[in-house]
Amino acid sequence: MLRMVLKTRRTPLVAEACADPEPGPGELRLRVRACGVCRTDLHVVDGDLGDRGAPVVPGHEIVGVVDALGPDVAGVPIGERRGVAWLGGTCGVCRYCRDGRENLCDDPTFTGWTRDGGYADTVIARAEFTFPLPGSLSDLEAAPLLCAGLIGFRAWRIACEAQKVERLGLYGFGAAAHLLAQLAVHEGQTVHAFTREGDEAAQALARQLGCVWAGGSGERPHQPLDAVIIFAPVGDLVPTALAAVRKGGTVVCGGIHMSDIPSFAYDLLWGERRLVSVANLTRQDARDYLPLAHAAGVRPHVRPYALLDANQALDDLRHGAFSGAAVLLP
């Protein structure tokens, strides 16, 4: 197999050739067809999440074909196309797992961080943490849905759970936001896209996808928003987003990592506004989201890269060199 390995945090990935791994009990092996490049991969490579797994193969938006099964795996046919996401395994016994909140598991594993991921042509995954994928999506299109799509969907459900959301704001219009915008527009919401200042390409993509307004993150919406989701890892956006929502509105922090949130006046939070975070995702999120995304016609805008160009893809993501999502193709 060929794989791109993170040896030490804050260093380029290194290409390695080695023997194909064999699946253990409860595991399966996938021949990788595509793997999305997620901002969480950047946090892993840049050391923002800590050094829990190096050396490790990053990547957790994996589309592949099953080519080997470990002991105790049943009901998964060889040759079936499956997806692998960020949550690579849970303990199944802690209070969060028992309560159906496995995203908060006390002893989880994470694909591409604590176990090898999909920046490779072969990957091992726990069978019960893989998902059949809609046949209507190509490998290239399916990959970004497995994290950018899923985490956006989970954040959106939390944003909408307290009360009806008609006007939705998205801060940071990258992979997650451009997928969620399509779903939200399909569900009848008016979407406002807030981008980096001067990012005309992202603003044009937002309008193309049906957003009613697109502009810089320093601009204020013409009317107070019902809810806001922050995908950019920028803590300074929290007071800005709170100022943009109405009384009773919700601000959701949708990233796994964010810079420090500055102090702000209590008036921004007062009026029963809610400030909440999203942590990881659950398998049920995937079961709910993938059919809904299919029905809504969600399609990512993709920049493909060769597997050996993974470092370039990460650097381009770091500097905002493309709109939409990047995907590695072995």
# chains A, B, ... in the order shown; residues from 1 in each chain; ligands from 1
>>> residues_around(residues="Asp226 of chain A", least_positions_apart="4", cutoff="8 Å", atoms="only C-alpha atoms", output="PyMOL selection string")
chain A and resi 164-168+245-246+248-250
>>> write_last_selection(atoms="N, CA and C atoms", output="compact mmCIF listing (two decimals), in the first residue's frame")
# COMPACT_ATOMS: atom_id res chain seq x y z
N LYS A 164 -38.18 27.72 15.59
CA LYS A 164 -38.14 27.72 14.14
C LYS A 164 -37.07 28.68 13.63
N VAL A 165 -36.31 28.23 12.65
CA VAL A 165 -35.26 29.05 12.03
C VAL A 165 -35.66 29.34 10.59
N GLU A 166 -35.88 30.62 10.30
CA GLU A 166 -36.16 31.05 8.93
C GLU A 166 -34.95 31.72 8.31
N ARG A 167 -34.19 32.48 9.11
CA ARG A 167 -33.00 33.18 8.62
C ARG A 167 -31.77 32.58 9.30
N LEU A 168 -30.91 31.97 8.50
CA LEU A 168 -29.75 31.26 9.01
C LEU A 168 -28.48 31.95 8.51
N VAL A 245 -27.70 37.75 15.91
CA VAL A 245 -28.92 36.98 16.11
C VAL A 245 -29.91 37.75 16.98
N ARG A 246 -31.15 37.43 16.79
CA ARG A 246 -32.23 38.07 17.54
C ARG A 246 -32.32 37.49 18.95
N GLY A 248 -33.50 35.19 21.74
CA GLY A 248 -33.91 33.80 21.62
C GLY A 248 -33.17 33.04 20.55
N GLY A 249 -32.25 33.69 19.85
CA GLY A 249 -31.51 33.04 18.77
C GLY A 249 -30.38 32.18 19.30
N THR A 250 -29.80 31.41 18.40
CA THR A 250 -28.77 30.44 18.77
C THR A 250 -27.52 30.66 17.93
>>> residues_around(residues="Leu13 of chain A", least_positions_apart="4", cutoff="8 Å", atoms="only C-alpha atoms", output="PDB file with C-alpha atoms, in the first residue's frame")
ATOM      1  CA  MET A   4       0.977   9.605   3.476  1.00  0.00           C
ATOM      2  CA  VAL A   5       2.203   9.629   7.081  1.00  0.00           C
ATOM      3  CA  LEU A   6       2.411  12.416   9.650  1.00  0.00           C
ATOM      4  CA  LYS A   7       5.632  11.589  11.507  1.00  0.00           C
ATOM      5  CA  ALA A 310      -1.651  15.747  -0.030  1.00  0.00           C
ATOM      6  CA  ASN A 311       0.740  18.352   1.392  1.00  0.00           C
TER       7      ASN A 311
END
>>> select_by_dssp(residues="segment 115-272 of chain A", states="alpha helix (DSSP H)", output="PyMOL selection string")
chain A and resi 139-142+148-160+175-186+200-208+237-244
>>> write_last_selection(atoms="N, CA and C atoms", output="CSV table (one decimal), in the first residue's frame")
chain,number,residue,atom,x,y,z
A,139,ASP,N,-17.6,8.8,-6.2
A,139,ASP,CA,-16.7,8.8,-5.1
A,139,ASP,C,-16.2,10.2,-4.7
A,140,LEU,N,-15.9,11.0,-5.7
A,140,LEU,CA,-15.5,12.4,-5.5
A,140,LEU,C,-16.5,13.2,-4.7
A,141,GLU,N,-17.8,13.0,-5.1
A,141,GLU,CA,-18.8,13.8,-4.4
A,141,GLU,C,-19.2,13.3,-3.1
A,142,ALA,N,-19.0,12.0,-2.8
A,142,ALA,CA,-19.5,11.4,-1.6
A,142,ALA,C,-18.5,11.7,-0.4
A,148,ALA,N,-17.5,17.1,6.5
A,148,ALA,CA,-18.1,18.4,6.3
A,148,ALA,C,-19.6,18.4,6.2
A,149,GLY,N,-20.1,17.4,5.5
A,149,GLY,CA,-21.6,17.3,5.4
A,149,GLY,C,-22.2,16.9,6.8
A,150,LEU,N,-21.6,15.9,7.4
A,150,LEU,CA,-22.2,15.4,8.7
A,150,LEU,C,-22.1,16.4,9.8
A,151,ILE,N,-20.9,17.1,10.0
A,151,ILE,CA,-20.8,18.0,11.1
A,151,ILE,C,-21.7,19.3,10.9
A,152,GLY,N,-21.8,19.7,9.6
A,152,GLY,CA,-22.7,20.7,9.3
A,152,GLY,C,-24.2,20.4,9.6
A,153,PHE,N,-24.5,19.1,9.3
A,153,PHE,CA,-25.9,18.7,9.6
A,153,PHE,C,-26.2,18.6,11.0
A,154,ARG,N,-25.2,18.1,11.8
A,154,ARG,CA,-25.4,18.1,13.3
A,154,ARG,C,-25.5,19.5,13.9
A,155,ALA,N,-24.6,20.4,13.4
A,155,ALA,CA,-24.7,21.8,13.9
A,155,ALA,C,-26.0,22.4,13.5
A,156,TRP,N,-26.5,22.1,12.3
A,156,TRP,CA,-27.8,22.7,11.9
A,156,TRP,C,-29.0,22.2,12.7
A,157,ARG,N,-29.0,20.9,13.0
A,157,ARG,CA,-30.1,20.4,13.9
A,157,ARG,C,-30.1,21.0,15.2
A,158,ILE,N,-28.9,21.2,15.8
A,158,ILE,CA,-28.8,21.9,17.1
A,158,ILE,C,-29.3,23.4,17.0
A,159,ALA,N,-28.9,24.0,15.9
A,159,ALA,CA,-29.3,25.4,15.7
A,159,ALA,C,-30.8,25.5,15.6
A,160,CYS,N,-31.5,24.5,15.1
A,160,CYS,CA,-32.9,24.6,14.8
A,160,CYS,C,-33.7,23.9,15.9
A,175,ALA,N,-16.0,24.0,3.1
A,175,ALA,CA,-16.6,22.7,2.8
A,175,ALA,C,-17.9,22.5,3.5
A,176,ALA,N,-17.9,22.6,4.8
A,176,ALA,CA,-19.1,22.3,5.6
A,176,ALA,C,-20.3,23.3,5.2
A,177,ALA,N,-20.0,24.6,5.2
A,177,ALA,CA,-21.0,25.6,4.9
A,177,ALA,C,-21.6,25.5,3.5
A,178,HIS,N,-20.8,25.2,2.5
A,178,HIS,CA,-21.3,25.1,1.2
A,178,HIS,C,-22.2,23.9,1.0
A,179,LEU,N,-22.0,22.8,1.8
A,179,LEU,CA,-22.9,21.7,1.7
A,179,LEU,C,-24.2,22.0,2.5
A,180,LEU,N,-24.0,22.5,3.7
A,180,LEU,CA,-25.2,22.8,4.5
A,180,LEU,C,-26.1,23.9,3.9
A,181,ALA,N,-25.5,24.9,3.2
A,181,ALA,CA,-26.3,25.9,2.5
A,181,ALA,C,-27.3,25.2,1.6
A,182,GLN,N,-26.9,24.2,0.8
A,182,GLN,CA,-27.8,23.6,-0.1
A,182,GLN,C,-28.9,22.9,0.6
A,183,LEU,N,-28.6,22.2,1.7
A,183,LEU,CA,-29.7,21.6,2.4
A,183,LEU,C,-30.7,22.6,3.0
A,184,ALA,N,-30.1,23.6,3.6
A,184,ALA,CA,-31.0,24.6,4.3
A,184,ALA,C,-31.9,25.3,3.3
A,185,VAL,N,-31.3,25.7,2.1
A,185,VAL,CA,-32.1,26.3,1.1
A,185,VAL,C,-33.2,25.3,0.6
A,186,HIS,N,-32.9,24.1,0.5
A,186,HIS,CA,-33.9,23.1,0.1
A,186,HIS,C,-35.0,23.0,1.1
A,200,GLU,N,-14.1,37.0,-2.8
A,200,GLU,CA,-15.2,37.1,-3.8
A,200,GLU,C,-15.6,35.7,-4.4
A,201,ALA,N,-14.6,34.8,-4.5
A,201,ALA,CA,-14.9,33.5,-5.0
A,201,ALA,C,-15.9,32.7,-4.1
A,202,ALA,N,-15.7,32.8,-2.8
A,202,ALA,CA,-16.6,32.1,-1.9
A,202,ALA,C,-17.9,32.7,-1.9
A,203,GLN,N,-17.9,34.1,-2.0
A,203,GLN,CA,-19.2,34.8,-2.0
A,203,GLN,C,-20.0,34.5,-3.2
A,204,ALA,N,-19.3,34.4,-4.4
A,204,ALA,CA,-20.0,34.0,-5.6
A,204,ALA,C,-20.6,32.6,-5.5
A,205,LEU,N,-19.8,31.7,-4.9
A,205,LEU,CA,-20.3,30.3,-4.8
A,205,LEU,C,-21.5,30.3,-3.9
A,206,ALA,N,-21.5,31.0,-2.8
A,206,ALA,CA,-22.7,31.1,-1.9
A,206,ALA,C,-23.9,31.6,-2.7
A,207,ARG,N,-23.8,32.6,-3.5
A,207,ARG,CA,-25.0,33.1,-4.2
A,207,ARG,C,-25.4,32.0,-5.2
A,208,GLN,N,-24.4,31.4,-5.9
A,208,GLN,CA,-24.7,30.4,-6.8
A,208,GLN,C,-25.5,29.2,-6.2
A,237,LEU,N,-15.1,35.6,16.1
A,237,LEU,CA,-16.4,35.6,15.5
A,237,LEU,C,-17.6,35.4,16.4
A,238,VAL,N,-17.3,34.9,17.6
A,238,VAL,CA,-18.4,34.6,18.5
A,238,VAL,C,-19.2,35.8,19.0
A,239,PRO,N,-18.5,36.9,19.4
A,239,PRO,CA,-19.3,38.1,19.7
A,239,PRO,C,-20.0,38.7,18.5
A,240,THR,N,-19.3,38.6,17.4
A,240,THR,CA,-19.9,39.1,16.1
A,240,THR,C,-21.2,38.3,15.8
A,241,ALA,N,-21.2,37.0,15.9
A,241,ALA,CA,-22.4,36.2,15.6
A,241,ALA,C,-23.5,36.5,16.7
A,242,LEU,N,-23.1,36.6,17.9
A,242,LEU,CA,-24.1,36.9,18.9
A,242,LEU,C,-24.8,38.2,18.6
A,243,ALA,N,-24.1,39.2,18.1
A,243,ALA,CA,-24.7,40.5,17.8
A,243,ALA,C,-25.6,40.4,16.6
A,244,ALA,N,-25.4,39.3,15.8
A,244,ALA,CA,-26.2,39.2,14.6
A,244,ALA,C,-27.5,38.4,14.8
>>> residues_around(residues="Val276 of chain A", least_positions_apart="2", cutoff="8 Å", atoms="only C-alpha atoms", output="MDAnalysis selection string")
chainID A and resid 250:253 274 278
>>> residues_around(residues="Gly92 of chain A", least_positions_apart="2", cutoff="12 Å", atoms="only C-alpha atoms", output="list in words")
Gly89, Thr90, Cys94, Arg95, Tyr96, Cys97, Arg98, Asp99, Gly100, Arg101, Glu102, Asn103, Leu104, Cys105, Asp106, Asp107, Pro108, Thr109 and Glu128 of chain A
>>> closest_residue(among="A:Cys38, A:Ala321, A:Val123, A:Leu290", to="Ser136 of chain A", atoms="only C-alpha atoms")
A:Leu290
>>> atom_distance(atom1="atom CA of Val327 of chain A", atom2="atom CA of Val302 of chain A")
6.7 Å
>>> residues_around(residues="Asp116 of chain A", least_positions_apart="5", cutoff="7 Å", atoms="only C-alpha atoms", output="list of chain:residue names")
A:Val56, A:Val57, A:Pro58, A:Thr111
>>> write_last_selection(atoms="N, CA and C atoms", output="CSV table (one decimal), in the first residue's frame")
chain,number,residue,atom,x,y,z
A,56,VAL,N,0.9,9.0,12.3
A,56,VAL,CA,-0.5,8.5,11.9
A,56,VAL,C,-0.7,8.9,10.5
A,57,VAL,N,-1.6,8.2,9.8
A,57,VAL,CA,-2.1,8.6,8.5
A,57,VAL,C,-3.4,9.4,8.6
A,58,PRO,N,-3.4,10.7,8.2
A,58,PRO,CA,-4.6,11.5,8.4
A,58,PRO,C,-5.7,11.0,7.4
A,111,THR,N,-10.7,8.5,13.4
A,111,THR,CA,-10.1,8.1,12.1
A,111,THR,C,-9.1,9.3,11.7
>>> atom_distance(atom1="atom CA of Ile256 of chain A", atom2="atom CA of Ile229 of chain A")
13.1 Å
>>> closest_residue(among="A:Ala68, A:Val73, A:Arg82, A:Leu145", to="Val298 of chain A", atoms="only C-alpha atoms")
A:Leu145
>>> atom_distance(atom1="atom CA of Phe194 of chain A", atom2="atom CA of Val234 of chain A")
12.6 Å
>>> residues_around(residues="Arg3 of chain A", least_positions_apart="5", cutoff="8 Å", atoms="only C-alpha atoms", output="ChimeraX atom specification")
/A:15-17,57,119-122
>>> write_last_selection(atoms="C-alpha atoms", output="compact mmCIF listing (two decimals), in the first residue's frame")
# COMPACT_ATOMS: atom_id res chain seq x y z
CA ALA A 15 5.01 9.04 1.45
CA GLU A 16 5.57 5.42 2.47
CA ALA A 17 5.09 2.09 0.72
CA VAL A 57 -2.08 8.57 8.47
CA TYR A 119 -4.61 9.42 3.03
CA ALA A 120 -3.67 6.03 1.58
CA ASP A 121 -4.84 3.52 -0.99
CA THR A 122 -5.92 1.07 1.73
>>> select_by_dssp(residues="segment 88-126 of chain A", states="strand (DSSP E or B)", output="NGL selection string")
:A and (88-89 or 109-111 or 115 or 120 or 122-126)
>>> closest_residue(among="A:Arg81, A:Gly235, A:His192, A:Pro144", to="Phe264 of chain A", atoms="only C-alpha atoms")
A:Gly235
>>> decode(residues="segment 25-57 of chain A", atoms="N, CA and C atoms", output="mmCIF file, in the first residue's frame")
data_model
loop_
_atom_site.group_PDB
_atom_site.id
_atom_site.type_symbol
_atom_site.label_atom_id
_atom_site.label_comp_id
_atom_site.auth_asym_id
_atom_site.auth_seq_id
_atom_site.Cartn_x
_atom_site.Cartn_y
_atom_site.Cartn_z
ATOM 1 N N PRO A 25 -10.349 -8.577 14.384
ATOM 2 C CA PRO A 25 -11.730 -8.875 14.760
ATOM 3 C C PRO A 25 -12.623 -7.640 14.689
ATOM 4 N N GLY A 26 -13.761 -7.755 14.023
ATOM 5 C CA GLY A 26 -14.703 -6.650 13.910
ATOM 6 C C GLY A 26 -14.311 -5.582 12.916
ATOM 7 N N GLU A 27 -13.234 -5.799 12.174
ATOM 8 C CA GLU A 27 -12.741 -4.787 11.238
ATOM 9 C C GLU A 27 -12.914 -5.245 9.793
ATOM 10 N N LEU A 28 -12.816 -4.280 8.890
ATOM 11 C CA LEU A 28 -12.780 -4.583 7.464
ATOM 12 C C LEU A 28 -11.723 -3.719 6.803
ATOM 13 N N ARG A 29 -11.344 -4.118 5.600
ATOM 14 C CA ARG A 29 -10.369 -3.356 4.828
ATOM 15 C C ARG A 29 -11.037 -2.779 3.595
ATOM 16 N N LEU A 30 -10.737 -1.526 3.339
ATOM 17 C CA LEU A 30 -11.269 -0.825 2.172
ATOM 18 C C LEU A 30 -10.138 -0.454 1.235
ATOM 19 N N ARG A 31 -10.375 -0.625 -0.071
ATOM 20 C CA ARG A 31 -9.527 -0.012 -1.078
ATOM 21 C C ARG A 31 -10.043 1.405 -1.281
ATOM 22 N N VAL A 32 -9.245 2.383 -0.922
ATOM 23 C CA VAL A 32 -9.697 3.777 -0.914
ATOM 24 C C VAL A 32 -9.853 4.290 -2.339
ATOM 25 N N ARG A 33 -11.010 4.850 -2.603
ATOM 26 C CA ARG A 33 -11.271 5.479 -3.903
ATOM 27 C C ARG A 33 -11.159 6.994 -3.836
ATOM 28 N N ALA A 34 -11.440 7.555 -2.671
ATOM 29 C CA ALA A 34 -11.364 9.004 -2.489
ATOM 30 C C ALA A 34 -11.307 9.296 -0.999
ATOM 31 N N CYS A 35 -10.631 10.378 -0.648
ATOM 32 C CA CYS A 35 -10.601 10.819 0.748
ATOM 33 C C CYS A 35 -10.596 12.334 0.780
ATOM 34 N N GLY A 36 -11.589 12.906 1.439
ATOM 35 C CA GLY A 36 -11.677 14.352 1.541
ATOM 36 C C GLY A 36 -10.573 14.925 2.420
ATOM 37 N N VAL A 37 -10.247 16.179 2.163
ATOM 38 C CA VAL A 37 -9.260 16.921 2.952
ATOM 39 C C VAL A 37 -10.030 17.908 3.819
ATOM 40 N N CYS A 38 -10.083 17.625 5.112
ATOM 41 C CA CYS A 38 -10.927 18.376 6.047
ATOM 42 C C CYS A 38 -10.074 19.335 6.866
ATOM 43 N N ARG A 39 -10.682 20.413 7.340
ATOM 44 C CA ARG A 39 -9.949 21.337 8.197
ATOM 45 C C ARG A 39 -9.473 20.645 9.471
ATOM 46 N N THR A 40 -10.186 19.624 9.934
ATOM 47 C CA THR A 40 -9.712 18.875 11.095
ATOM 48 C C THR A 40 -8.376 18.205 10.802
ATOM 49 N N ASP A 41 -8.162 17.770 9.554
ATOM 50 C CA ASP A 41 -6.850 17.221 9.185
ATOM 51 C C ASP A 41 -5.759 18.269 9.397
ATOM 52 N N LEU A 42 -6.068 19.512 9.060
ATOM 53 C CA LEU A 42 -5.113 20.592 9.307
ATOM 54 C C LEU A 42 -4.814 20.727 10.795
ATOM 55 N N HIS A 43 -5.853 20.635 11.628
ATOM 56 C CA HIS A 43 -5.645 20.738 13.073
ATOM 57 C C HIS A 43 -4.787 19.590 13.586
ATOM 58 N N VAL A 44 -4.955 18.394 13.004
ATOM 59 C CA VAL A 44 -4.115 17.261 13.379
ATOM 60 C C VAL A 44 -2.666 17.519 12.977
ATOM 61 N N VAL A 45 -2.464 17.923 11.719
ATOM 62 C CA VAL A 45 -1.116 18.142 11.200
ATOM 63 C C VAL A 45 -0.426 19.298 11.921
ATOM 64 N N ASP A 46 -1.170 20.361 12.212
ATOM 65 C CA ASP A 46 -0.588 21.549 12.834
ATOM 66 C C ASP A 46 -0.456 21.430 14.350
ATOM 67 N N GLY A 47 -0.940 20.314 14.914
ATOM 68 C CA GLY A 47 -0.781 20.085 16.345
ATOM 69 C C GLY A 47 -1.796 20.772 17.224
ATOM 70 N N ASP A 48 -2.878 21.312 16.637
ATOM 71 C CA ASP A 48 -3.882 22.016 17.435
ATOM 72 C C ASP A 48 -4.645 21.074 18.364
ATOM 73 N N LEU A 49 -4.721 19.790 18.003
ATOM 74 C CA LEU A 49 -5.501 18.833 18.790
ATOM 75 C C LEU A 49 -4.642 18.013 19.739
ATOM 76 N N GLY A 50 -3.360 18.282 19.794
ATOM 77 C CA GLY A 50 -2.482 17.491 20.641
ATOM 78 C C GLY A 50 -1.910 16.301 19.886
ATOM 79 N N ASP A 51 -0.921 15.676 20.500
ATOM 80 C CA ASP A 51 -0.168 14.600 19.841
ATOM 81 C C ASP A 51 -0.649 13.257 20.378
ATOM 82 N N ARG A 52 -1.849 12.844 19.973
ATOM 83 C CA ARG A 52 -2.402 11.596 20.493
ATOM 84 C C ARG A 52 -2.091 10.391 19.616
ATOM 85 N N GLY A 53 -1.656 10.626 18.380
ATOM 86 C CA GLY A 53 -1.532 9.480 17.505
ATOM 87 C C GLY A 53 -0.326 9.424 16.601
ATOM 88 N N ALA A 54 0.529 10.460 16.571
ATOM 89 C CA ALA A 54 1.643 10.472 15.624
ATOM 90 C C ALA A 54 2.660 9.388 16.003
ATOM 91 N N PRO A 55 3.237 8.696 14.990
ATOM 92 C CA PRO A 55 2.928 8.859 13.562
ATOM 93 C C PRO A 55 1.557 8.294 13.216
ATOM 94 N N VAL A 56 0.883 8.952 12.282
ATOM 95 C CA VAL A 56 -0.463 8.536 11.900
ATOM 96 C C VAL A 56 -0.726 8.947 10.462
ATOM 97 N N VAL A 57 -1.597 8.223 9.798
ATOM 98 C CA VAL A 57 -2.081 8.570 8.465
ATOM 99 C C VAL A 57 -3.352 9.400 8.638
#
